Each structure stands twice: as C-alpha cells, then as structure tokens.
$ cat target_37.cif   # mmCIF, C-alpha atoms
data_model
#
loop_
_atom_site.label_atom_id
_atom_site.label_comp_id
_atom_site.auth_asym_id
_atom_site.auth_seq_id
_atom_site.Cartn_x
_atom_site.Cartn_y
_atom_site.Cartn_z
CA MET A 1 0.00 0.00 0.00
CA GLY A 2 2.64 2.45 -1.06
CA LEU A 3 3.02 5.25 -3.58
CA ILE A 4 5.76 5.21 -6.18
CA LYS A 5 6.41 8.55 -7.84
CA ALA A 6 6.00 8.32 -11.60
CA PHE A 7 6.69 11.93 -12.49
CA SER A 8 6.88 15.39 -10.93
CA GLY A 9 5.50 18.73 -11.98
CA ALA A 10 2.33 19.62 -13.85
CA VAL A 11 -0.33 16.98 -14.34
CA ARG A 12 -1.70 16.50 -17.88
CA SER A 13 -5.00 14.80 -18.70
CA GLU A 14 -3.62 12.80 -21.63
CA LEU A 15 -1.53 10.73 -19.19
CA ALA A 16 -4.71 8.84 -18.23
CA ASP A 17 -4.47 6.72 -21.38
CA GLN A 18 -1.31 5.05 -20.11
CA TRP A 19 -2.83 3.63 -16.90
CA LYS A 20 -5.56 1.16 -15.95
CA GLU A 21 -7.17 3.73 -13.61
CA TYR A 22 -6.52 7.42 -13.19
CA PHE A 23 -7.51 9.38 -10.06
CA TYR A 24 -7.69 13.14 -10.37
CA CYS A 25 -9.16 16.22 -8.66
CA ASP A 26 -9.86 19.56 -10.30
CA SER A 27 -8.83 22.79 -8.59
CA MET A 28 -10.81 23.25 -5.37
CA GLY A 29 -12.44 26.57 -4.55
CA THR A 30 -11.80 28.51 -1.36
CA GLY A 31 -14.92 27.03 0.24
CA THR A 32 -13.84 23.38 -0.19
CA LEU A 33 -11.56 21.72 2.35
CA ILE A 34 -11.68 18.04 1.29
CA CYS A 35 -12.83 16.45 -1.97
CA LYS A 36 -13.11 12.77 -2.92
CA GLY A 37 -10.94 11.87 -5.90
CA ALA A 38 -12.75 10.92 -9.09
CA LYS A 39 -11.74 7.79 -11.00
CA LYS A 40 -11.37 8.54 -14.71
CA THR A 41 -12.23 5.44 -16.81
CA GLY A 42 -14.23 4.40 -19.86
CA THR A 43 -15.81 7.15 -21.97
CA THR A 44 -15.20 9.97 -19.52
CA GLN A 45 -12.98 12.96 -20.11
CA PHE A 46 -9.95 10.71 -19.68
CA GLN A 47 -10.11 7.76 -22.07
CA GLY A 48 -8.60 5.03 -19.86
CA SER A 49 -8.78 1.32 -20.64
CA ASN A 50 -10.49 0.19 -17.42
CA THR A 51 -14.27 0.65 -17.82
CA LYS A 52 -15.72 -1.69 -15.17
CA ALA A 53 -13.78 -0.87 -12.02
CA SER A 54 -15.56 -0.16 -8.75
CA ASP A 55 -15.47 3.42 -7.48
CA ASN A 56 -14.18 2.38 -4.04
CA VAL A 57 -11.44 0.01 -5.19
CA ILE A 58 -7.95 1.08 -6.27
CA SER A 59 -6.43 -1.36 -8.71
CA GLU A 60 -2.79 -2.33 -8.54
CA GLY A 61 -0.72 0.02 -10.70
CA SER A 62 -3.32 2.79 -10.85
CA MET A 63 -2.14 6.37 -11.42
CA ILE A 64 -2.96 9.06 -8.85
CA ALA A 65 -2.38 12.69 -9.88
CA VAL A 66 -1.79 15.48 -7.35
CA ASN A 67 -1.95 19.16 -8.32
CA GLU A 68 -0.24 22.17 -6.74
CA GLY A 69 -1.86 23.26 -3.47
CA GLN A 70 -3.25 19.79 -2.76
CA ALA A 71 -2.51 16.92 -0.41
CA MET A 72 -3.66 13.40 -1.31
CA LEU A 73 -4.75 10.71 1.16
CA VAL A 74 -5.15 6.99 0.42
CA VAL A 75 -7.84 5.59 2.74
CA GLU A 76 -8.76 1.94 3.37
CA ASP A 77 -11.83 1.11 5.42
CA GLY A 78 -11.79 4.62 6.93
CA LYS A 79 -8.08 4.52 7.90
CA ILE A 80 -5.32 6.49 6.17
CA VAL A 81 -2.73 4.11 4.71
CA ASP A 82 -0.57 6.59 2.74
CA PHE A 83 -0.39 10.24 1.76
CA THR A 84 1.58 12.77 -0.24
CA CYS A 85 1.84 16.57 -0.12
CA GLU A 86 4.07 16.81 -3.19
CA PRO A 87 2.54 17.57 -6.62
CA GLY A 88 3.05 15.03 -9.40
CA GLY A 89 1.92 11.58 -10.54
CA TYR A 90 2.09 8.43 -8.37
CA ARG A 91 1.67 4.72 -9.13
CA TYR A 92 -0.20 2.74 -6.49
CA ASP A 93 1.43 -0.50 -5.33
CA PHE A 94 -0.27 -2.36 -2.45
CA LYS A 95 2.72 -4.69 -1.98
CA THR A 96 5.01 -1.94 -0.70
CA GLU A 97 5.08 -0.04 2.60
CA PRO A 98 3.58 3.47 2.87
CA SER A 99 5.76 6.10 1.22
CA LEU A 100 4.53 9.11 3.27
CA PHE A 101 5.66 11.99 1.04
CA SER A 102 5.31 14.87 3.54
CA GLY A 103 6.92 17.56 1.36
CA SER A 104 7.37 20.91 3.11
CA PHE A 105 5.44 19.71 6.17
CA GLY A 106 8.44 17.71 7.38
CA ASN A 107 8.18 15.07 10.07
CA ALA A 108 5.04 16.58 11.60
CA LEU A 109 2.73 14.60 9.29
CA THR A 110 4.72 11.41 9.83
CA ARG A 111 4.11 11.70 13.57
CA THR A 112 0.41 12.31 12.93
CA PHE A 113 0.27 9.23 10.69
CA GLN A 114 1.69 7.13 13.51
CA GLU A 115 -1.28 8.26 15.63
CA VAL A 116 -4.15 8.02 13.13
CA GLY A 117 -2.87 5.90 10.21
CA LYS A 118 -3.20 2.20 9.44
CA ARG A 119 -0.23 -0.09 9.91
CA PHE A 120 1.15 -1.90 6.88
CA ALA A 121 -0.42 -5.35 6.49
CA LEU A 122 2.11 -8.09 5.76
CA GLY A 123 1.45 -9.95 2.56
CA GLY A 124 -0.12 -6.93 0.89
CA GLU A 125 -3.68 -7.55 2.02
CA THR A 126 -6.00 -4.76 0.92
CA GLY A 127 -9.19 -3.41 2.44
CA LYS A 128 -12.68 -3.79 1.05
CA ASP A 129 -13.22 -0.03 0.74
CA GLN A 130 -10.45 2.05 -0.83
CA ARG A 131 -10.76 5.75 -1.56
CA ILE A 132 -8.66 8.73 -2.64
CA TYR A 133 -9.21 12.09 -0.92
CA TYR A 134 -7.71 15.46 -1.81
CA VAL A 135 -7.19 18.17 0.82
CA ASN A 136 -7.04 21.85 -0.09
CA LEU A 137 -3.73 23.32 1.16
CA LYS A 138 -4.35 26.83 -0.19
CA GLU A 139 -5.21 29.78 2.04
CA ILE A 140 -8.96 29.98 2.68
CA VAL A 141 -9.65 33.72 2.43
CA GLY A 142 -12.64 36.03 2.73
CA ASN A 143 -14.08 34.73 6.01
CA LYS A 144 -16.05 37.65 7.42
CA PHE A 145 -16.52 38.36 11.11
CA GLY A 146 -18.22 41.09 13.12
CA SER A 147 -19.44 41.81 16.64
CA ALA A 148 -23.22 42.14 16.83
CA GLN A 149 -22.94 43.71 20.30
CA PRO A 150 -20.29 46.22 21.47
CA MET A 151 -17.30 44.40 22.96
CA PRO A 152 -15.30 45.76 25.94
CA TYR A 153 -11.78 47.02 25.25
CA ASP A 154 -9.62 48.22 28.14
CA ASP A 155 -7.99 51.07 26.27
CA PRO A 156 -4.53 51.95 27.68
CA TYR A 157 -4.58 55.50 26.25
CA TYR A 158 -7.98 56.65 27.53
CA LYS A 159 -7.54 54.72 30.81
CA THR A 160 -11.07 53.34 30.64
CA VAL A 161 -13.08 50.45 29.23
CA LEU A 162 -14.51 51.34 25.82
CA TYR A 163 -17.25 49.34 24.12
CA VAL A 164 -16.57 48.94 20.42
CA ARG A 165 -17.89 47.04 17.42
CA TYR A 166 -15.38 45.70 14.94
CA PHE A 167 -15.80 44.12 11.52
CA GLY A 168 -13.31 42.46 9.22
CA VAL A 169 -12.13 39.30 7.47
CA TYR A 170 -9.72 36.53 8.35
CA SER A 171 -8.00 33.71 6.50
CA PHE A 172 -6.81 30.26 7.53
CA LYS A 173 -5.27 27.20 5.96
CA VAL A 174 -4.91 23.48 6.56
CA THR A 175 -1.57 22.71 8.21
CA ASP A 176 -2.24 19.03 9.03
CA PRO A 177 -4.44 17.31 6.39
CA LEU A 178 -4.34 13.96 8.22
CA ARG A 179 -5.74 15.43 11.42
CA LEU A 180 -8.42 17.38 9.51
CA TYR A 181 -9.62 14.19 7.82
CA THR A 182 -9.68 12.01 10.94
CA ALA A 183 -11.08 14.61 13.38
CA VAL A 184 -13.54 16.51 11.16
CA ALA A 185 -14.41 15.16 7.74
CA GLY A 186 -14.08 11.36 7.62
CA ASN A 187 -15.32 9.29 4.66
CA VAL A 188 -17.34 11.98 2.90
CA ASP A 189 -19.13 10.93 -0.27
CA LYS A 190 -18.15 13.97 -2.37
CA GLU A 191 -16.67 16.94 -0.52
CA TYR A 192 -16.40 18.66 2.85
CA ARG A 193 -16.86 22.43 2.83
CA ALA A 194 -15.65 25.14 5.22
CA SER A 195 -19.25 26.23 5.82
CA GLN A 196 -19.89 22.94 7.64
CA LEU A 197 -17.41 24.10 10.29
CA GLN A 198 -18.69 27.66 10.45
CA GLU A 199 -20.93 27.59 13.54
CA GLN A 200 -18.36 25.81 15.71
CA SER A 201 -15.38 27.71 14.35
CA ASP A 202 -17.11 31.11 14.71
CA THR A 203 -17.79 30.48 18.39
CA GLU A 204 -14.16 29.54 19.00
CA PHE A 205 -12.94 32.39 16.80
CA TYR A 206 -14.76 35.09 18.77
CA GLY A 207 -13.54 33.67 22.06
CA ALA A 208 -9.96 33.78 20.81
CA LEU A 209 -10.52 37.28 19.39
CA ASP A 210 -11.49 38.60 22.83
CA THR A 211 -8.34 37.05 24.29
CA ALA A 212 -6.18 38.55 21.55
CA MET A 213 -7.76 41.99 22.04
CA SER A 214 -6.98 41.87 25.77
CA LYS A 215 -3.34 41.09 25.01
CA LEU A 216 -3.12 44.01 22.58
CA ALA A 217 -4.53 46.29 25.31
CA VAL A 218 -1.81 45.05 27.67
CA ASP A 219 0.74 45.84 24.94
CA GLY A 220 -0.46 49.48 25.02
CA VAL A 221 -2.31 49.53 21.67
CA LYS A 222 -4.89 52.33 21.38
CA PHE A 223 -8.27 51.09 20.09
CA SER A 224 -8.04 53.23 16.94
CA MET A 225 -4.68 51.60 16.10
CA LEU A 226 -6.06 48.04 16.11
CA PRO A 227 -6.50 47.86 12.28
CA SER A 228 -2.72 48.32 11.89
CA LYS A 229 -1.88 45.37 14.18
CA GLN A 230 -2.92 42.49 11.88
CA MET A 231 0.21 40.38 12.32
CA GLU A 232 0.22 40.70 16.12
CA LEU A 233 -3.50 39.93 16.21
CA ALA A 234 -3.05 36.78 14.08
CA ASN A 235 -0.22 35.54 16.34
CA TYR A 236 -2.31 36.02 19.47
CA MET A 237 -5.26 34.31 17.78
CA ASN A 238 -3.16 31.25 16.95
CA GLU A 239 -1.95 31.07 20.54
CA ALA A 240 -5.53 31.14 21.80
CA LEU A 241 -6.76 28.64 19.16
CA ASP A 242 -3.76 26.31 19.34
CA GLU A 243 -5.54 23.43 21.03
CA ALA A 244 -8.94 23.79 19.36
CA TRP A 245 -7.77 24.45 15.80
CA ARG A 246 -4.17 23.42 15.23
CA GLN A 247 -3.87 20.35 17.47
CA LEU A 248 -7.42 19.07 17.08
CA ARG A 249 -8.36 19.98 13.51
CA GLY A 250 -5.06 20.80 11.79
CA LEU A 251 -6.06 24.39 10.98
CA GLU A 252 -4.19 27.65 11.54
CA ILE A 253 -5.10 31.36 11.35
CA ILE A 254 -3.01 33.16 8.70
CA SER A 255 -4.23 36.76 8.92
CA VAL A 256 -6.88 38.82 10.70
CA GLY A 257 -7.86 42.15 9.16
CA ILE A 258 -10.11 44.66 10.94
CA ASN A 259 -11.81 46.82 8.33
CA LYS A 260 -13.84 48.99 10.69
CA ILE A 261 -13.95 49.66 14.43
CA THR A 262 -16.65 51.85 15.95
CA PRO A 263 -17.17 52.84 19.62
CA ASP A 264 -20.72 53.03 20.96
CA ASP A 265 -22.34 56.37 21.89
CA LYS A 266 -21.26 56.40 25.56
CA SER A 267 -17.71 55.45 24.70
CA ARG A 268 -17.62 58.17 22.04
CA GLU A 269 -18.65 60.76 24.65
CA ARG A 270 -15.86 59.61 26.97
CA ILE A 271 -13.35 59.87 24.15
CA GLU A 272 -14.46 63.42 23.23
CA GLN A 273 -14.36 64.56 26.87
CA PHE A 274 -10.88 63.10 27.31
CA ASP A 275 -9.58 64.68 24.10
CA ASN A 276 -11.04 68.10 24.99
CA ALA A 277 -9.58 67.99 28.49
CA THR A 278 -6.19 66.99 27.10
CA MET A 279 -6.23 69.78 24.51
CA LEU A 280 -7.43 72.53 26.86
CA GLY A 281 -5.31 71.43 29.79
CA GLY A 282 -2.11 71.66 27.80
CA ASN A 283 -2.94 74.84 25.81
CA GLN A 284 -3.83 78.04 27.72
CA ALA A 285 -4.72 79.93 24.55
CA ALA A 286 -7.20 77.18 23.60
CA MET A 287 -8.77 77.39 27.08
CA GLN A 288 -9.24 81.16 26.83
CA GLY A 289 -10.66 80.80 23.34
CA ARG A 290 -13.15 78.21 24.62
CA MET A 291 -14.26 80.64 27.37
CA THR A 292 -14.66 83.50 24.89
CA SER A 293 -16.71 81.34 22.54
CA ALA A 294 -18.97 80.22 25.43
CA GLN A 295 -19.54 83.85 26.50
CA ALA A 296 -20.42 84.93 22.97
CA THR A 297 -22.88 82.08 22.56
CA ALA A 298 -24.55 82.92 25.88
CA PHE A 299 -24.97 86.60 24.90
CA GLU A 300 -26.47 85.59 21.56
CA ASN A 301 -28.99 83.33 23.27
CA MET A 302 -29.98 86.08 25.73
CA GLY A 303 -30.56 88.53 22.90
CA LYS A 304 -33.29 86.24 21.57
CA GLN A 305 -35.26 86.27 24.87
CA SER A 306 -37.76 88.77 26.30
CA ALA A 307 -36.64 91.98 28.07
CA GLY A 308 -37.40 90.86 31.66
CA THR A 309 -35.90 87.43 31.27
CA SER A 310 -32.94 88.87 29.37
CA GLY A 311 -32.21 91.35 32.21
CA MET A 312 -32.11 88.64 34.87
CA ASP A 313 -29.96 86.44 32.64
CA MET A 314 -27.66 89.41 31.98
CA MET A 315 -26.99 89.82 35.70
CA GLY A 316 -26.25 86.12 36.07
CA MET A 317 -24.09 86.23 33.01
CA ALA A 318 -22.11 89.14 34.42
CA PHE A 319 -21.27 87.14 37.53
CA GLY A 320 -20.36 84.18 35.35
CA VAL A 321 -18.08 86.27 33.14
CA GLN A 322 -16.40 87.71 36.21
CA ALA A 323 -15.80 84.22 37.62
CA MET A 324 -14.37 82.98 34.33
CA ASN A 325 -12.09 86.01 34.07
CA GLN A 326 -10.84 85.35 37.58
CA MET A 327 -10.22 81.74 36.64
CA GLY A 328 -8.29 82.85 33.59
CA GLN A 329 -6.16 85.20 35.68
CA MET A 330 -5.41 82.39 38.12
CA MET A 331 -4.34 80.17 35.25
CA GLN A 332 -2.06 82.92 33.94
CA GLN A 333 -0.47 83.28 37.36
CA GLN A 334 0.01 79.55 37.70
CA THR A 335 1.41 79.29 34.18
CA PRO A 336 3.54 82.37 33.55
CA PRO A 337 4.06 83.27 29.89
CA GLN A 338 7.23 82.01 28.38
CA SER A 339 9.47 84.81 27.23
CA ALA A 340 11.67 84.43 24.26
CA ALA A 341 15.12 83.14 25.10
CA PRO A 342 17.81 85.82 24.75
CA GLN A 343 20.07 85.44 21.79
CA PRO A 344 23.74 84.63 22.49
CA GLU A 345 24.96 87.92 20.99
CA ALA A 346 22.59 89.96 23.19
CA VAL A 347 23.74 88.12 26.33
CA GLN A 348 27.40 88.75 25.49
CA LYS A 349 26.73 92.42 24.77
CA GLU A 350 24.92 92.90 28.08
CA ALA A 351 27.79 91.28 29.96
CA ASP A 352 30.38 93.67 28.36
CA THR A 353 28.65 96.96 29.38
CA TRP A 354 29.98 98.98 32.35
CA LYS A 355 28.99 102.18 34.18
CA CYS A 356 31.44 105.05 34.47
CA ALA A 357 31.84 107.25 37.58
CA CYS A 358 30.12 110.06 35.65
CA GLY A 359 27.01 107.90 35.29
CA ALA A 360 27.32 107.07 31.58
CA GLU A 361 26.69 103.50 30.33
CA ASN A 362 29.49 102.28 28.07
CA ALA A 363 30.42 99.19 26.09
CA GLY A 364 33.99 100.03 25.02
CA LYS A 365 37.26 100.47 26.96
CA PHE A 366 36.80 104.23 27.51
CA CYS A 367 33.81 106.32 28.64
CA SER A 368 31.99 108.03 25.80
CA GLU A 369 31.23 111.11 28.00
CA CYS A 370 34.37 111.85 30.06
CA GLY A 371 36.99 109.67 28.43
CA LEU A 372 37.95 107.73 31.57
CA GLU A 373 39.36 104.25 31.04
CA LYS A 374 37.22 101.28 31.96
CA PRO A 375 38.19 100.20 35.49
CA LYS A 376 39.99 96.94 35.77
CA THR A 377 38.05 94.20 37.53
CA GLU A 378 39.57 92.76 40.63
CA THR A 379 40.75 89.23 40.12
CA GLU A 380 40.44 86.56 42.77
CA TRP A 381 43.54 85.98 44.95
CA VAL A 382 44.52 83.52 47.69
CA CYS A 383 45.83 84.82 51.01
CA ALA A 384 48.71 83.16 52.89
CA CYS A 385 46.12 81.80 55.35
CA GLY A 386 44.47 79.92 52.48
CA THR A 387 41.32 82.08 52.12
CA LYS A 388 40.13 83.06 48.65
CA ASN A 389 39.37 86.80 48.31
CA ALA A 390 38.32 89.33 45.70
CA GLY A 391 38.94 92.63 47.56
CA LYS A 392 42.13 94.41 48.68
CA PHE A 393 42.24 92.80 52.14
CA CYS A 394 41.77 89.20 53.33
CA SER A 395 38.30 88.61 54.75
CA GLU A 396 39.67 86.10 57.25
CA CYS A 397 42.96 87.52 58.66
CA GLY A 398 42.88 91.12 57.35
CA LYS A 399 46.21 90.99 55.51
CA PRO A 400 46.46 93.33 52.50
CA ARG A 401 46.42 91.91 49.02
CA PRO A 402 50.03 91.44 47.82
CA GLU A 403 51.09 93.80 45.05
CA GLU A 404 51.51 92.27 41.65
CA GLY A 405 54.72 92.88 39.73
CA TRP A 406 54.85 94.95 36.54
CA THR A 407 57.42 95.72 33.86
CA CYS A 408 58.36 99.34 33.07
CA ALA A 409 59.03 100.61 29.55
CA CYS A 410 62.73 100.81 30.48
CA GLY A 411 62.69 97.08 31.18
CA ALA A 412 62.90 97.20 34.96
CA GLU A 413 60.72 94.82 37.04
CA ASN A 414 58.78 96.66 39.76
CA LYS A 415 56.11 96.11 42.43
CA GLY A 416 55.41 99.67 43.58
CA LYS A 417 53.56 102.53 41.89
CA PHE A 418 56.75 104.02 40.37
CA CYS A 419 59.64 102.48 38.49
CA SER A 420 62.69 102.01 40.68
CA GLU A 421 65.02 102.80 37.75
CA CYS A 422 63.53 105.67 35.81
CA GLY A 423 60.77 106.85 38.15
CA SER A 424 58.00 106.43 35.58
CA PRO A 425 54.52 105.82 37.12
CA ARG A 426 52.92 102.40 36.87
CA PRO A 427 50.75 102.27 33.77
#
$ encode --input "target_37.cif" --output "structure tokens"
Amino acid sequence: MGLIKAFSGAVRSELADQWKEYFYCDSMGTGTLICKGAKKTGTTQFQGSNTKASDNVISEGSMIAVNEGQAMLVVEDGKIVDFTCEPGGYRYDFKTEPSLFSGSFGNALTRTFQEVGKRFALGGETGKDQRIYYVNLKEIVGNKFGSAQPMPYDDPYYKTVLYVRYFGVYSFKVTDPLRLYTAVAGNVDKEYRASQLQEQSDTEFYGALDTAMSKLAVDGVKFSMLPSKQMELANYMNEALDEAWRQLRGLEIISVGINKITPDDKSRERIEQFDNATMLGGNQAAMQGRMTSAQATAFENMGKQSAGTSGMDMMGMAFGVQAMNQMGQMMQQQTPPQSAAPQPEAVQKEADTWKCACGAENAGKFCSECGLEKPKTETEWVCACGTKNAGKFCSECGKPRPEEGWTCACGAENKGKFCSECGSPRP
C-alpha cells in the first residue's frame, strides 16, 4: 500500500491513457476543504482502458495525480494508509510499505500518521473499501466576522473600558491534512466544505478574538490603532486557538484584518471629553478661546429672549463672566508666559557693558562722556592663610592683598607705583 512517484511537476490529462485507472481532482475553490478523488475510466474525459472498475477500489498500478496546493490521502476502510503533499503523478502499489511523502510539512505529518494511520499489512492484504481524498492546502480567504454587540476594550490611552464594534475578514489554511480528515471530515461521499465548520469555528474564533484583544490592550495599543496590528492579532489568535484548531483539527489562522472599528455612543462621549480635556489642559490659549466662545454664545442666546428674562440672565451672566475672568487670571499666574530666550549675541553684549563714575553707560574700553578708562576688575587671589578673596584685604585675617609685579618701559621689574630705575609711574 505504497506510492511510487511516476513523475513530478504539472499533471496532464492525456496521461490517463497510459494507466488502468486514473484518479484526479480539479482545482478546489476557497470554500472546499476536502474532496473525494474521481476515478477517470471508460468514456469519460480521460479515455482510460479500465471501464468496469468499482469506485471504491484502487487497482494495482493505478495512477494518482496530485496538483499544486493539494494533499492526497489513500484511505482503506476509513483509515489512512498513505499520503503525499508533493505535486506530481504516483503509481499505487499495495505490496510496498507506505511512502509518506510529507513535502514541506516535514516530520510533523509522519508523527500524525503514527497516531491516526493504518499499519502496513504483511502480505499486501487490501481493504474492502479504498478511496482517494484530496485536501485543499491553499489559504482559505474572505471569512467575514463582526461583533453584533459592542465588545469591551480596556484602552490603555484613555484609561477606561470602551465598548466597540469591529468588523473584518480573516483567512486560515490546513496545516495538518491527516488530522483534519480524521477529526472533522471522515469518509465523505463527495466533498467537505468550510461552511460545515462555520458555527463551531465562529464560536471559537470570537472567544480567541477577545483574548487577543486583551493582550493588545496590555501591549499598550490604542483602540483606533487596532486595524494596523494584523500580524500581532493573528499571532495572538493562533496562541488562543492552538488546542482547538491546530492540534485538534489541523487548521491555523493566517491573517486577521479589521476593516472597521466603531465605539458606541457612551464610549464616544468619553473619548471626546478626554480629548477636549487633554487639549485645553495643555494649551492656555485654547482654554481662553473656549471661554470667549462660550460667553459669545450665551450673549447671543440672551438677545433672543424677552426683556425681563434677558435682564435677569444678563446679571447672572455678568457674575459668570467675572468668575471665568478670575479663573483665567489664576491660570495665567500659575502658568507664567514664556518669554523668548535671549540670543547669544545679546547676552554677550549685556555682559560687556559697564557704568562710568560720571554715570554714563558704556560698552567700550573708555567712557563716551568723560573719556575715563574702563576700570579693571579685581581678580580673585589667595591669602597666605588659604582664604580666597576678591577685595584688597583678606576677609579672614585682614592681611592686604600682595602687590603684583609689573614691567616698566625701560625694562625694569617693579612692584610699587613708580619704576625704581627711571621713576616712571605704573601704567
């Protein structure tokens, strides 16, 4: 009960003439998960030589064709005896052991076969009922979902639970065809469609969707950013559906796309209040503009009323305006206006100005009014007692500041006010 590969690549219909029986399956649509293989004999599309074979018997040496995106299962008396996930043509030989061509699925399908498959019967004994089934390995797209009632979402940005409706589509694919056949479909007469799983899968899908949404909230995703988190959402969905879908049925979520997400009326009010408070709280000009707009609207409404009612409302409005003005003044005091930072050149210029004894403000080395030279600033000096000083006497011991040496034009080194050689005054 083994498969011997006859050729690889594309399958052509004219190959049916070379074999006693030829099993084939046309391309399956996105709604079909499993389809029973059709035997092409007699005067059918494929002109084979065997015209009297039973539908549920596979003759020795029959050809089985497998197209791209398909897995093929050989079933005897309801048990899988061999399979292949590689496209091409295969000759059936019931005297050999199962071939188990797993293709890109690796050893995972071999382990599944050990759990659900039929052991090889010594002597090549065959079952009474033999069938070929094809499993659709392509991505099943366009599965719509939507929440009839608003669902809670603990939004990390608004710090509250919002109730939202979301609508979108998701896709999935078969990742273990052996488990899908044994756990879900079984010996179907023609085909098994995805719609037959819909009620059960939808219930499990929405439960996993709630779990995935909670994890996205923990990750700090704002509700309006959910449509951009398709990959993260699909990963969380697969984690939540691992036991129910992947391990039990051999299915896996590929993508989840949210097309539209809408908060209910109460949640929308909370969002608007939060956004207004955030905008006004961080922008004093916006707050004052909001107050001015409210005052103008109130005055317009009072102008439409009668004289007596308008007078009473005017008095109340006056008190209200006064209170709002006081509130605005308090906000100005609490948030002083930010002055423009001084430019570096202006700071340097202000630091270089000095005031002459005549009272004139100057920026150069000489006074612009009386011509006096800019006084030299006292530099810091260290007394013999170790104290740092800026004046002429030590603030700790009272010793005078030591005179600094200077060089006369004649070249003599001096410390006094006059040159000891030529008598010239200290410059």
$ resolve_selection --input "target_37.cif" --expression "the PyMOL selection byres ((chain A and resi 156) around 9)" --output "list in words"
Asp154, Asp155, Tyr157, Tyr158, Lys159, Thr160, Val161, Ala217, Val218, Asp219, Gly220, Val221, Lys222 and Phe223 of chain A
$ residues_around --input "target_37.cif" --residues "A:Leu73" --least-positions-apart "5" --cutoff "8 Å" --atoms "all atoms listed in the file" --output "MDAnalysis selection string"
chainID A and resid 80:84 132:135 178
$ residues_around --input "target_37.cif" --residues "A:Pro150" --least-positions-apart "2" --cutoff "6 Å" --atoms "all atoms listed in the file" --output "list in words"
Tyr163, Val164 and Arg165 of chain A
$ closest_residue --input "target_37.cif" --among "A:Thr182, A:Thr211, A:Thr110, A:Ser267" --to "A:Asn235" --atoms "only C-alpha atoms"
A:Thr211
$ atom_distance --input "target_37.cif" --atom1 "atom CA of A:Gln130" --atom2 "atom CA of A:Glu60"
11.7 Å
$ resolve_selection --input "target_37.cif" --expression "the PyMOL selection byres ((chain A and resi 252) around 9)" --output "count of residues only"
15
$ resolve_selection --input "target_37.cif" --expression "the PyMOL selection byres ((chain A and resi 141-146) around 6)" --output "PDB file with C-alpha atoms, in the frame of the given file"
ATOM      1  CA  GLU A 139      -5.210  29.780   2.040  1.00  0.00           C
ATOM      2  CA  ILE A 140      -8.960  29.980   2.680  1.00  0.00           C
ATOM      3  CA  SER A 147     -19.440  41.810  16.640  1.00  0.00           C
ATOM      4  CA  TYR A 166     -15.380  45.700  14.940  1.00  0.00           C
ATOM      5  CA  PHE A 167     -15.800  44.120  11.520  1.00  0.00           C
ATOM      6  CA  GLY A 168     -13.310  42.460   9.220  1.00  0.00           C
ATOM      7  CA  VAL A 169     -12.130  39.300   7.470  1.00  0.00           C
ATOM      8  CA  TYR A 170      -9.720  36.530   8.350  1.00  0.00           C
ATOM      9  CA  SER A 171      -8.000  33.710   6.500  1.00  0.00           C
TER      10      SER A 171
END
$ residues_near_point --input "target_37.cif" --point "(2.3, 3.6, -2.2)" --cutoff "10 Å" --atoms "all atoms listed in the file" --output "list in words"
Met1, Gly2, Leu3, Ile4, Lys5, Gly61, Val74, Val81, Asp82, Phe83, Thr84, Tyr90, Arg91, Tyr92, Asp93, Phe94, Lys95, Thr96, Glu97, Pro98, Ser99, Leu100 and Phe101 of chain A
$ residues_around --input "target_37.cif" --residues "A:Lys128" --least-positions-apart "5" --cutoff "8 Å" --atoms "all atoms listed in the file" --output "number ranges by chain"
A: 57, 76-77
$ atom_distance --input "target_37.cif" --atom1 "atom CA of A:Glu232" --atom2 "atom CA of A:Ala71"
29.1 Å
$ residues_around --input "target_37.cif" --residues "A:Leu226" --least-positions-apart "5" --cutoff "9 Å" --atoms "all atoms listed in the file" --output "list in words"
Met213, Leu216, Val221, Leu233, Ile258 and Ile261 of chain A
$ residues_near_point --input "target_37.cif" --point "(-6.4, 11.2, -9.6)" --cutoff "10 Å" --atoms "all atoms listed in the file" --output "number ranges by chain"
A: 11, 13, 16, 21-26, 36-40, 62-67, 72, 89-90, 132-134
$ closest_residue --input "target_37.cif" --among "A:Thr203, A:Met225, A:Lys365, A:Leu248" --to "A:Thr112" --atoms "all atoms listed in the file"
A:Leu248
$ axis_aligned_box --input "target_37.cif" --around "stretch 98-101 of chain A" --padding-each-side "3 Å" --output "AutoDock Vina command-line options"
--center_x 4.7 --center_y 7.7 --center_z 2.2 --size_x 8.2 --size_y 14.5 --size_z 8.2
$ closest_residue --input "target_37.cif" --among "A:Met237, A:Arg131, A:Gly186, A:Arg193" --to "A:Tyr206" --atoms "all atoms listed in the file"
A:Met237
$ closest_residue --input "target_37.cif" --among "A:Glu269, A:Glu404, A:Glu413, A:Asp264" --to "A:Gln149" --atoms "only C-alpha atoms"
A:Asp264
$ atom_distance --input "target_37.cif" --atom1 "atom CA of A:Gly69" --atom2 "atom CA of A:Leu33"
11.4 Å
$ decode --input "target_37.cif" --residues "stretch 179-195 of chain A" --atoms "C-alpha atoms" --output "PDB file, in the first residue's frame"
ATOM      1  CA  ARG A 179      -5.741  15.433  11.416  1.00  0.00           C
ATOM      2  CA  LEU A 180      -8.418  17.381   9.511  1.00  0.00           C
ATOM      3  CA  TYR A 181      -9.620  14.187   7.820  1.00  0.00           C
ATOM      4  CA  THR A 182      -9.682  12.010  10.945  1.00  0.00           C
ATOM      5  CA  ALA A 183     -11.081  14.610  13.375  1.00  0.00           C
ATOM      6  CA  VAL A 184     -13.537  16.510  11.162  1.00  0.00           C
ATOM      7  CA  ALA A 185     -14.414  15.157   7.742  1.00  0.00           C
ATOM      8  CA  GLY A 186     -14.081  11.356   7.620  1.00  0.00           C
ATOM      9  CA  ASN A 187     -15.323   9.293   4.662  1.00  0.00           C
ATOM     10  CA  VAL A 188     -17.345  11.983   2.896  1.00  0.00           C
ATOM     11  CA  ASP A 189     -19.128  10.933  -0.268  1.00  0.00           C
ATOM     12  CA  LYS A 190     -18.145  13.967  -2.369  1.00  0.00           C
ATOM     13  CA  GLU A 191     -16.672  16.940  -0.515  1.00  0.00           C
ATOM     14  CA  TYR A 192     -16.395  18.655   2.847  1.00  0.00           C
ATOM     15  CA  ARG A 193     -16.861  22.434   2.829  1.00  0.00           C
ATOM     16  CA  ALA A 194     -15.652  25.136   5.222  1.00  0.00           C
ATOM     17  CA  SER A 195     -19.246  26.230   5.820  1.00  0.00           C
TER      18      SER A 195
END
